[in-house]
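Shown next: model05.txt, containing compact mmCIF, C-alpha atoms and all ligand atoms.
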# COMPACT_ATOMS: atom_id res chain seq x y z
CA SER H 1 0.00 0.00 0.00
CA ARG H 2 0.95 3.64 -0.38
CA SER H 3 1.94 4.03 3.27
CA GLU H 4 4.54 1.25 2.96
CA ILE H 5 6.37 2.90 0.07
CA SER H 6 8.85 5.76 0.07
CA TYR H 7 9.04 6.97 -3.50
CA PHE H 8 12.08 8.89 -4.75
CA GLY H 9 11.16 9.23 -8.45
CA ALA H 10 12.59 12.17 -10.38
CA GLY H 11 9.42 13.37 -12.09
CA PRO H 12 6.58 12.78 -12.08
CA ALA H 13 7.38 12.66 -8.41
CA ALA H 14 5.75 11.94 -5.10
CA LEU H 15 2.92 14.22 -3.99
CA PRO H 16 1.56 14.60 -0.47
CA THR H 17 -1.04 11.91 0.22
CA SER H 18 -3.44 14.48 1.65
CA VAL H 19 -3.34 16.42 -1.63
CA LEU H 20 -4.10 13.30 -3.63
CA GLU H 21 -7.02 12.50 -1.33
CA THR H 22 -8.47 15.98 -1.81
CA ALA H 23 -7.86 15.72 -5.57
CA SER H 24 -9.55 12.30 -5.75
CA ALA H 25 -12.68 13.69 -4.16
CA ALA H 26 -12.60 16.75 -6.46
CA ILE H 27 -12.50 14.53 -9.56
CA LEU H 28 -15.91 13.11 -8.66
CA ASN H 29 -17.66 16.05 -7.10
CA HIS H 30 -15.92 19.38 -6.82
CA GLU H 31 -17.09 21.46 -3.87
CA ASN H 32 -20.45 19.75 -3.87
CA SER H 33 -21.36 21.04 -7.30
CA GLY H 34 -22.25 17.53 -8.46
CA VAL H 35 -19.71 17.97 -11.25
CA GLY H 36 -16.13 16.74 -11.20
CA LEU H 37 -13.28 19.21 -11.50
CA ILE H 38 -12.06 17.66 -14.76
CA GLU H 39 -15.55 18.14 -16.22
CA GLN H 40 -15.93 21.79 -15.30
CA SER H 41 -15.48 24.67 -17.70
CA HIS H 42 -12.08 26.29 -17.48
CA ARG H 43 -13.96 29.60 -17.55
CA SER H 44 -16.30 28.84 -14.65
CA ALA H 45 -16.08 30.95 -11.49
CA ASN H 46 -14.70 27.89 -9.73
CA SER H 47 -11.90 27.48 -12.22
CA ILE H 48 -10.98 31.15 -12.17
CA ASN H 49 -10.89 31.01 -8.41
CA ILE H 50 -8.46 28.08 -8.58
CA ILE H 51 -6.15 29.89 -11.01
CA THR H 52 -6.28 33.12 -8.98
CA SER H 53 -5.50 31.41 -5.70
CA ALA H 54 -2.72 29.30 -7.28
CA CYS H 55 -1.14 32.54 -8.54
CA GLU H 56 -1.48 34.10 -5.09
CA HIS H 57 0.11 31.12 -3.37
CA LEU H 58 3.02 31.21 -5.79
CA ARG H 59 3.43 34.95 -5.23
CA ASN H 60 3.47 34.43 -1.48
CA LEU H 61 5.87 31.52 -1.55
CA LEU H 62 8.37 33.08 -3.96
CA ASN H 63 7.81 36.58 -2.63
CA ILE H 64 7.27 37.76 -6.21
CA PRO H 65 7.69 41.54 -6.40
CA GLU H 66 5.42 44.01 -8.18
CA GLY H 67 6.06 44.14 -11.91
CA TYR H 68 5.92 40.39 -12.53
CA SER H 69 3.14 38.23 -13.93
CA VAL H 70 2.40 34.58 -13.25
CA LEU H 71 1.27 32.31 -16.07
CA TRP H 72 0.08 28.73 -16.26
CA MET H 73 0.95 27.03 -19.52
CA GLN H 74 1.03 23.57 -21.08
CA GLY H 75 3.68 21.65 -22.98
CA GLY H 76 6.00 20.98 -20.05
CA GLY H 77 9.39 22.45 -19.38
CA THR H 78 10.46 21.56 -22.92
CA THR H 79 8.00 23.97 -24.53
CA GLN H 80 9.57 26.79 -22.54
CA PHE H 81 12.92 26.12 -24.27
CA ALA H 82 11.29 27.77 -27.31
CA ALA H 83 8.94 30.21 -25.55
CA VAL H 84 11.81 31.89 -23.72
CA VAL H 85 13.58 32.55 -27.01
CA TYR H 86 10.60 34.00 -28.88
CA ASN H 87 9.67 36.32 -26.04
CA LEU H 88 13.17 37.53 -25.20
CA VAL H 89 14.19 38.01 -28.82
CA GLY H 90 10.97 39.99 -29.42
CA HIS H 91 11.76 42.04 -26.36
CA TRP H 92 15.34 42.69 -27.44
CA VAL H 93 14.22 43.82 -30.91
CA GLN H 94 11.72 46.29 -29.49
CA THR H 95 14.25 47.63 -26.99
CA GLN H 96 16.69 48.19 -29.89
CA LEU H 97 14.01 49.83 -32.04
CA ASP H 98 13.17 52.19 -29.18
CA ALA H 99 16.83 53.09 -28.75
CA ASN H 100 17.23 53.70 -32.50
CA ASN H 101 14.06 55.73 -33.16
CA GLY H 102 12.48 52.80 -34.98
CA ASP H 103 15.34 52.45 -37.47
CA LEU H 104 15.16 48.85 -38.66
CA GLU H 105 18.48 49.05 -40.47
CA ALA H 106 20.27 49.97 -37.24
CA VAL H 107 18.64 47.02 -35.48
CA LYS H 108 19.61 44.71 -38.32
CA LYS H 109 23.20 45.80 -37.85
CA ALA H 110 23.06 45.29 -34.08
CA LEU H 111 21.63 41.83 -34.69
CA GLY H 112 24.92 40.84 -36.36
CA SER H 113 26.75 40.77 -33.04
CA ALA H 114 23.85 40.12 -30.66
CA ARG H 115 23.75 36.70 -29.00
CA ALA H 116 21.85 34.85 -26.30
CA ASP H 117 24.24 33.04 -23.95
CA TYR H 118 23.56 29.51 -22.75
CA LEU H 119 25.25 28.04 -19.70
CA VAL H 120 25.29 24.34 -20.47
CA THR H 121 25.75 22.54 -17.18
CA GLY H 122 23.74 19.39 -17.81
CA SER H 123 21.33 17.54 -20.07
CA TRP H 124 18.43 19.97 -19.78
CA SER H 125 20.32 23.19 -20.45
CA LYS H 126 21.97 21.38 -23.37
CA LYS H 127 18.56 20.57 -24.82
CA ALA H 128 17.41 24.15 -24.25
CA ALA H 129 20.49 25.50 -26.06
CA GLU H 130 19.87 23.13 -28.97
CA GLU H 131 16.24 24.16 -29.30
CA ALA H 132 17.16 27.85 -29.15
CA ALA H 133 19.72 27.35 -31.92
CA ARG H 134 17.23 25.34 -33.98
CA ILE H 135 14.57 28.06 -34.03
CA THR H 136 16.97 30.96 -34.61
CA GLY H 137 18.73 29.74 -37.73
CA GLY H 138 21.32 27.36 -36.31
CA ALA H 139 24.00 27.36 -33.63
CA GLY H 140 26.02 30.56 -33.45
CA LYS H 141 23.51 32.68 -35.35
CA LEU H 142 21.64 34.27 -32.44
CA THR H 143 22.61 31.90 -29.64
CA ARG H 144 25.86 30.57 -28.28
CA VAL H 145 27.11 28.24 -25.61
CA ALA H 146 28.96 30.50 -23.18
CA VAL H 147 29.70 27.68 -20.76
CA ASN H 148 30.08 24.04 -21.69
CA ALA H 149 30.49 22.04 -18.52
CA LYS H 150 30.61 18.68 -20.24
CA ALA H 151 33.79 16.87 -19.28
CA ALA H 152 36.02 15.04 -21.75
CA THR H 153 34.46 11.83 -20.41
CA GLY H 154 31.16 13.02 -21.87
CA LYS H 155 29.62 13.53 -18.43
CA PHE H 156 28.36 16.60 -16.65
CA GLY H 157 29.18 17.15 -13.00
CA ALA H 158 30.87 20.51 -12.55
CA ILE H 159 30.29 24.20 -13.17
CA PRO H 160 33.47 25.98 -14.32
CA PRO H 161 34.45 29.12 -12.38
CA GLU H 162 32.80 32.29 -13.68
CA SER H 163 36.19 33.65 -14.77
CA GLN H 164 36.14 30.96 -17.50
CA TRP H 165 32.70 31.80 -18.82
CA GLU H 166 32.64 33.32 -22.28
CA LEU H 167 29.71 35.66 -21.95
CA THR H 168 28.73 37.96 -24.78
CA PRO H 169 29.55 41.59 -23.85
CA ALA H 170 26.56 42.96 -21.94
CA GLU H 171 25.72 45.51 -24.66
CA ASN H 172 25.31 42.71 -27.23
CA SER H 173 23.58 40.26 -24.95
CA ILE H 174 20.03 39.32 -25.93
CA PHE H 175 19.60 37.25 -22.75
CA SER H 176 21.38 34.63 -20.65
CA TYR H 177 19.93 31.23 -19.91
CA TYR H 178 20.68 28.59 -17.32
CA CYS H 179 19.10 25.62 -15.58
CA ASP H 180 19.18 26.05 -11.81
CA ASN H 181 19.08 22.32 -11.11
CA GLU H 182 20.03 19.65 -13.62
CA THR H 183 17.72 16.76 -12.80
CA VAL H 184 19.60 14.09 -14.78
CA ASP H 185 23.12 15.02 -13.73
CA GLY H 186 22.56 16.17 -10.15
CA VAL H 187 24.19 19.56 -10.65
CA GLU H 188 22.68 22.60 -8.94
CA PHE H 189 23.78 26.23 -8.93
CA PRO H 190 24.57 27.03 -5.28
CA ALA H 191 23.29 30.59 -5.80
CA PHE H 192 22.43 33.11 -8.51
CA PRO H 193 25.51 33.42 -10.76
CA ALA H 194 27.19 36.75 -10.00
CA ALA H 195 28.39 37.07 -13.62
CA LEU H 196 24.76 37.37 -14.77
CA GLU H 197 23.96 40.21 -12.39
CA GLY H 198 22.17 43.02 -14.24
CA ARG H 199 21.55 40.93 -17.40
CA LEU H 200 18.25 39.65 -18.73
CA VAL H 201 18.17 36.15 -17.31
CA ALA H 202 15.91 33.21 -18.11
CA CYS H 203 16.05 30.24 -15.79
CA ASP H 204 14.69 26.69 -15.77
CA MET H 205 13.76 25.84 -12.18
CA SER H 206 11.72 22.75 -13.03
CA SER H 207 13.35 20.51 -10.47
CA ASN H 208 14.18 22.82 -7.58
CA ILE H 209 11.42 25.43 -7.55
CA LEU H 210 9.89 25.92 -4.10
CA SER H 211 12.79 24.15 -2.40
CA ARG H 212 14.61 27.36 -1.46
CA ARG H 213 14.10 31.10 -1.49
CA VAL H 214 14.69 32.90 -4.77
CA ASP H 215 15.28 36.57 -5.52
CA VAL H 216 12.78 36.83 -8.37
CA SER H 217 13.87 40.39 -9.19
CA LYS H 218 17.07 39.01 -10.73
CA TYR H 219 15.15 37.20 -13.49
CA ALA H 220 13.35 38.24 -16.65
CA ILE H 221 11.73 34.81 -16.84
CA LEU H 222 11.74 31.82 -14.57
CA TYR H 223 9.74 28.71 -15.21
CA ALA H 224 9.10 25.23 -13.91
CA GLY H 225 7.26 22.20 -15.17
CA ALA H 226 5.00 21.29 -12.26
CA GLN H 227 5.65 17.57 -12.02
CA LYS H 228 8.54 17.54 -9.57
CA ASN H 229 8.03 19.95 -6.72
CA VAL H 230 4.66 21.56 -7.41
CA GLY H 231 2.12 19.11 -8.81
CA GLY H 232 1.53 16.63 -11.61
CA ALA H 233 2.52 16.71 -15.28
CA GLY H 234 0.32 18.96 -17.40
CA VAL H 235 1.07 22.51 -16.37
CA THR H 236 4.12 24.72 -16.29
CA LEU H 237 4.35 27.84 -14.20
CA VAL H 238 6.04 30.87 -15.69
CA VAL H 239 7.01 34.04 -13.85
CA VAL H 240 7.76 36.85 -16.26
CA LYS H 241 8.76 40.46 -15.87
CA ASP H 242 6.03 42.82 -17.08
CA GLU H 243 8.64 44.90 -18.88
CA VAL H 244 9.25 41.90 -21.16
CA LEU H 245 5.52 41.54 -21.80
CA LYS H 246 5.01 45.21 -22.52
CA LYS H 247 7.94 45.74 -24.83
CA GLN H 248 7.56 43.31 -27.74
CA ALA H 249 8.38 43.80 -31.42
CA SER H 250 5.54 43.70 -33.92
CA GLU H 251 5.22 40.77 -36.31
CA GLU H 252 6.10 43.15 -39.16
CA ALA H 253 9.35 44.16 -37.49
CA LEU H 254 10.30 40.55 -36.79
CA ARG H 255 9.58 39.56 -40.39
CA ALA H 256 11.55 42.51 -41.74
CA LEU H 257 14.53 41.35 -39.67
CA GLY H 258 14.18 37.73 -40.78
CA LEU H 259 13.29 36.63 -37.26
CA PRO H 260 10.64 34.03 -36.39
CA VAL H 261 7.18 35.16 -35.32
CA PRO H 262 6.14 33.43 -32.08
CA PRO H 263 3.39 30.81 -32.22
CA ILE H 264 0.37 32.32 -30.48
CA MET H 265 0.47 29.81 -27.61
CA LEU H 266 4.11 30.53 -26.87
CA TYR H 267 3.72 34.29 -26.89
CA TYR H 268 3.44 35.29 -23.23
CA PRO H 269 1.39 38.47 -23.81
CA THR H 270 -1.38 36.32 -25.36
CA LEU H 271 -1.57 34.30 -22.19
CA THR H 272 -1.20 37.06 -19.62
CA GLY H 273 -3.83 39.03 -21.50
CA ALA H 274 -6.20 36.09 -21.14
CA GLY H 275 -5.39 35.24 -17.51
CA SER H 276 -3.75 31.98 -18.70
CA LEU H 277 -7.04 31.10 -20.43
CA TYR H 278 -6.40 31.75 -24.09
CA ASN H 279 -7.34 28.12 -24.64
CA THR H 280 -8.46 25.23 -22.42
CA LEU H 281 -6.16 25.03 -19.42
CA PRO H 282 -6.22 21.74 -17.42
CA ILE H 283 -7.67 23.23 -14.25
CA PHE H 284 -7.36 19.97 -12.34
CA ASP H 285 -3.57 20.20 -12.71
CA VAL H 286 -3.59 23.78 -11.46
CA PHE H 287 -5.78 22.64 -8.55
CA ILE H 288 -3.17 20.08 -7.48
CA CYS H 289 -0.48 22.76 -7.60
CA ARG H 290 -2.64 25.05 -5.52
CA GLU H 291 -3.18 22.40 -2.88
CA VAL H 292 0.53 21.56 -2.72
CA MET H 293 1.40 25.24 -2.36
CA ALA H 294 -1.27 25.78 0.31
CA GLY H 295 0.38 22.97 2.28
CA LEU H 296 3.83 24.57 1.92
CA LEU H 297 2.49 27.93 3.09
CA ALA H 298 0.82 26.30 6.09
CA ARG H 299 4.15 24.69 7.02
CA GLY H 300 6.05 27.99 7.02
CA GLY H 301 6.87 28.56 3.35
CA LEU H 302 10.22 28.34 1.65
CA GLU H 303 12.34 29.30 4.64
CA VAL H 304 11.25 26.06 6.25
CA GLN H 305 11.41 24.07 3.00
CA GLU H 306 14.98 25.24 2.43
CA LYS H 307 16.00 23.94 5.87
CA VAL H 308 14.23 20.62 5.43
CA ALA H 309 15.73 20.11 1.95
CA ALA H 310 19.22 20.84 3.28
CA GLN H 311 18.69 18.52 6.24
CA LYS H 312 17.56 15.62 4.05
CA ALA H 313 20.33 16.20 1.49
CA ALA H 314 22.96 16.27 4.27
CA LEU H 315 21.57 13.02 5.64
CA LEU H 316 21.80 11.27 2.27
CA TYR H 317 25.15 12.65 1.09
CA GLY H 318 26.44 11.95 4.60
CA ALA H 319 25.47 8.29 4.37
CA LEU H 320 27.04 8.00 0.89
CA GLY H 321 30.24 9.65 2.11
CA ARG H 322 30.57 7.54 5.27
CA ALA H 323 30.75 4.36 3.20
CA GLY H 324 34.39 5.16 2.50
CA GLY H 325 34.51 5.12 -1.29
CA PHE H 326 31.99 2.33 -1.79
CA TYR H 327 29.73 4.89 -3.45
CA LYS H 328 30.85 7.60 -5.81
CA VAL H 329 28.75 10.76 -5.95
CA VAL H 330 28.79 11.89 -9.60
CA PRO H 331 29.04 15.73 -9.37
CA GLU H 332 31.69 17.78 -7.64
CA LYS H 333 30.94 18.67 -4.05
CA SER H 334 30.45 22.42 -4.61
CA VAL H 335 27.62 21.92 -7.13
CA ARG H 336 25.88 18.86 -5.74
CA SER H 337 22.14 19.10 -6.06
CA ARG H 338 20.01 19.07 -2.93
CA MET H 339 17.17 17.70 -5.08
CA ASN H 340 18.69 14.99 -7.30
CA ILE H 341 21.44 12.98 -5.70
CA CYS H 342 23.26 11.08 -8.45
CA PHE H 343 25.73 8.38 -7.51
CA ARG H 344 27.38 5.18 -8.67
CA ILE H 345 28.58 2.08 -6.92
CA GLU H 346 32.26 1.57 -7.69
CA ALA H 347 31.88 -2.21 -7.70
CA GLY H 348 29.81 -2.07 -10.89
CA GLU H 349 26.35 -2.28 -12.40
CA GLU H 350 25.53 -5.70 -11.00
CA VAL H 351 26.01 -4.37 -7.50
CA GLU H 352 23.91 -1.31 -8.37
CA LYS H 353 21.17 -3.70 -9.41
CA ALA H 354 21.42 -5.49 -6.09
CA PHE H 355 21.24 -2.13 -4.30
CA LEU H 356 18.01 -1.32 -6.15
CA GLU H 357 16.49 -4.74 -5.46
CA GLY H 358 17.32 -4.52 -1.78
CA ALA H 359 15.88 -1.01 -1.63
CA GLU H 360 12.65 -2.13 -3.33
CA ALA H 361 12.28 -4.93 -0.81
CA LYS H 362 12.32 -2.24 1.89
CA GLY H 363 9.76 -0.12 0.07
CA LEU H 364 12.35 2.40 -1.16
CA THR H 365 11.49 2.92 -4.83
CA GLY H 366 12.22 5.20 -7.82
CA LEU H 367 16.00 5.13 -7.32
CA LYS H 368 17.20 4.22 -10.79
CA GLY H 369 19.30 6.86 -12.57
CA HIS H 370 18.09 8.51 -15.78
CA ARG H 371 18.26 6.16 -18.77
CA SER H 372 20.80 8.42 -20.48
CA VAL H 373 23.39 8.22 -17.69
CA GLY H 374 22.53 5.07 -15.72
CA GLY H 375 23.59 4.68 -12.10
CA LEU H 376 21.45 5.65 -9.15
CA ARG H 377 19.52 8.78 -8.34
CA ILE H 378 17.65 9.84 -5.24
CA SER H 379 15.14 12.61 -5.89
CA ASN H 380 14.74 14.54 -2.70
CA TYR H 381 11.82 16.82 -3.51
CA ASN H 382 9.62 18.61 -0.99
CA SER H 383 7.15 15.74 -0.68
CA VAL H 384 9.84 13.28 0.40
CA LEU H 385 9.49 13.06 4.16
CA VAL H 386 12.47 13.26 6.53
CA GLU H 387 11.58 9.77 7.75
CA ALA H 388 11.84 8.46 4.18
CA ALA H 389 15.27 10.04 3.79
CA GLU H 390 16.34 8.49 7.11
CA LYS H 391 15.17 5.08 6.00
CA LEU H 392 17.06 5.39 2.74
CA ALA H 393 20.21 6.67 4.48
CA ALA H 394 20.09 3.60 6.73
CA TRP H 395 19.83 1.32 3.67
CA ILE H 396 22.77 3.09 2.00
CA GLU H 397 24.93 2.37 5.04
CA GLU H 398 23.65 -1.16 5.56
CA PHE H 399 24.23 -2.16 1.92
CA ALA H 400 27.78 -0.82 1.92
CA LYS H 401 28.62 -2.73 5.12
CA GLU H 402 27.11 -5.90 3.73
CA ARG H 403 29.01 -5.72 0.45
CA LYS H 404 32.39 -4.38 1.45
N1 LIG H 501 13.96 20.96 -17.36
C1 LIG H 501 14.28 20.18 -16.32
C2 LIG H 501 15.25 20.69 -15.31
C3 LIG H 501 13.70 18.91 -16.20
O1 LIG H 501 14.03 18.12 -15.17
C4 LIG H 501 12.78 18.47 -17.17
C5 LIG H 501 12.08 17.14 -17.08
N2 LIG H 501 12.61 16.18 -16.34
C6 LIG H 501 12.50 19.31 -18.25
C7 LIG H 501 13.09 20.55 -18.30
C8 LIG H 501 11.57 18.89 -19.33
O2 LIG H 501 10.30 18.90 -18.81
P1 LIG H 501 9.03 18.29 -19.54
O3 LIG H 501 9.19 16.83 -19.56
O4 LIG H 501 7.92 18.77 -18.66
O5 LIG H 501 8.98 18.89 -20.89

This structure in structure tokens:
Amino acid sequence: SRSEISYFGAGPAALPTSVLETASAAILNHENSGVGLIEQSHRSANSINIITSACEHLRNLLNIPEGYSVLWMQGGGTTQFAAVVYNLVGHWVQTQLDANNGDLEAVKKALGSARADYLVTGSWSKKAAEEAARITGGAGKLTRVAVNAKAATGKFGAIPPESQWELTPAENSIFSYYCDNETVDGVEFPAFPAALEGRLVACDMSSNILSRRVDVSKYAILYAGAQKNVGGAGVTLVVVKDEVLKKQASEEALRALGLPVPPIMLYYPTLTGAGSLYNTLPIFDVFICREVMAGLLARGGLEVQEKVAAQKAALLYGALGRAGGFYKVVPEKSVRSRMNICFRIEAGEEVEKAFLEGAEAKGLTGLKGHRSVGGLRISNYNSVLVEAAEKLAAWIEEFAKERK
């Protein structure tokens, strides 16, 4: 049964049982309306109330300042790889037009040396950089990889010092992009990168959102697919600076410059203008997010979550470290993720298999590494209880003792 299992899956990930109980009831009969939440119109008062309160909870948790909008979108984190580009390129073009009294030729010239910088520190930022290049005419045209953290071995696991980053000069920078926590590789930025201070920054926080406090004012766009720390798969939350929404090039200007016109569903102003309801939003998915966030607020918000996440991560890395080299944590210590703990067993894949089997027998599940990198991965999201982390830490130590 559910109570016997501690699930450490990377996404979709564990959700609080109480939220799933509330959601189960809402599927059948939402707030005694006699109609299930999945059946209700996305434009009903009920639905609008769910979206509004989900936005409010997110604002409270992240302490979102004035001048930012919250959006609920579909298409997962992956769709944002493209959305970010369309919206920030459109914004850059309009900013340039404003500075050049609408002179398209001047903007065309500026475009020659303008680039968006990608910090590639793992599999997801690599995919984002590839998508950005794909929709802007190929690598090097409008986008570039300013940091490539992939080691000669073909693995990620480090973030080079900022002095080695090859950022585009600020005056030519369209935007900078990074992924705060690399889910597959277990690499997390310890803090906001100082080198990006004052630049237009877009950030993928899909796998560590709501696990620590964030200074939203440093970002032009931050986004997160819900299915790790916020809810189920189906919605993506986007926090975007109003300045970016307000200042957007016209389709004519983009065409004249040979730049792509954003698909309507990826153009943030369409969605903010419609309160996230330009088309049919899966309200049930927003409802789950709202319930998860209400629970976080009731437990003291992100200050508390940050402490709990650090406590659980210390417990697990501690157990791995105490086994004296039996386990090898993949990333370097300074960039180890609090959310996705990626490790190998030095003795080989057969022993890793035995580790997984033994864990399953104890009700510790979802520990297999991503198919692209193999190995083992503990996902330590908000819904993973301290007791579950303790149980897993005990198994890590027991298995090492048994096998050494
Ligand atoms: N970014 C990160 C950091 C992720 O972990 C994932 C999914 N695991 C994605 C983007 C892609 O998300 P989706 O599957 O929702 O498109």

Can you work out which one of H:Leu364, H:Leu111, H:Met205, H:Ala249 has the shortest atom-to-atom distance to ligand LIG 501 (chain H), counting all atoms listed in the file?
->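 Of the candidates, the smallest distance to ligand LIG 501 (chain H) is held by H:Met205.
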
Ligand LIG 501 (chain H): which residues are within 9 Å, counting all atoms listed in the file, as a PyMOL selection string?
-> chain H and resi 10-12+74-81+122-125+127-128+179-184+204-208+224-228+233-236

Neighbour list for stretch 335-343 of chain H as a ChimeraX atom specification, cut-off 9 Å, only C-alpha atoms, skip fewer than 5 positions in-chain = /H:10,157-159,181-190,207-208,211,309-310,312-314,316-317,320,327-330,369,375-382

Have a look at H:Gly358, H:Gly36, H:Gly67, H:Gly198 and name the one nearest to H:Ser176; count all atoms listed in the file.
->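 The shortest atom-to-atom distance to H:Ser176 comes from H:Gly198.
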
Can you tell me, as a compact mmCIF listing (two decimals) with C-alpha atoms, in the frame of the given file, what residues are no more than 10 Å from H:Asn60 when counting all atoms listed in the file, ignoring any on the same chain fewer than 5 positions away?
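Writing the result to result_18.txt gives the following:
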# COMPACT_ATOMS: atom_id res chain seq x y z
CA ALA H 54 -2.72 29.30 -7.28
CA CYS H 55 -1.14 32.54 -8.54
CA PRO H 65 7.69 41.54 -6.40
CA MET H 293 1.40 25.24 -2.36
CA LEU H 297 2.49 27.93 3.09
CA GLY H 301 6.87 28.56 3.35
CA LEU H 302 10.22 28.34 1.65
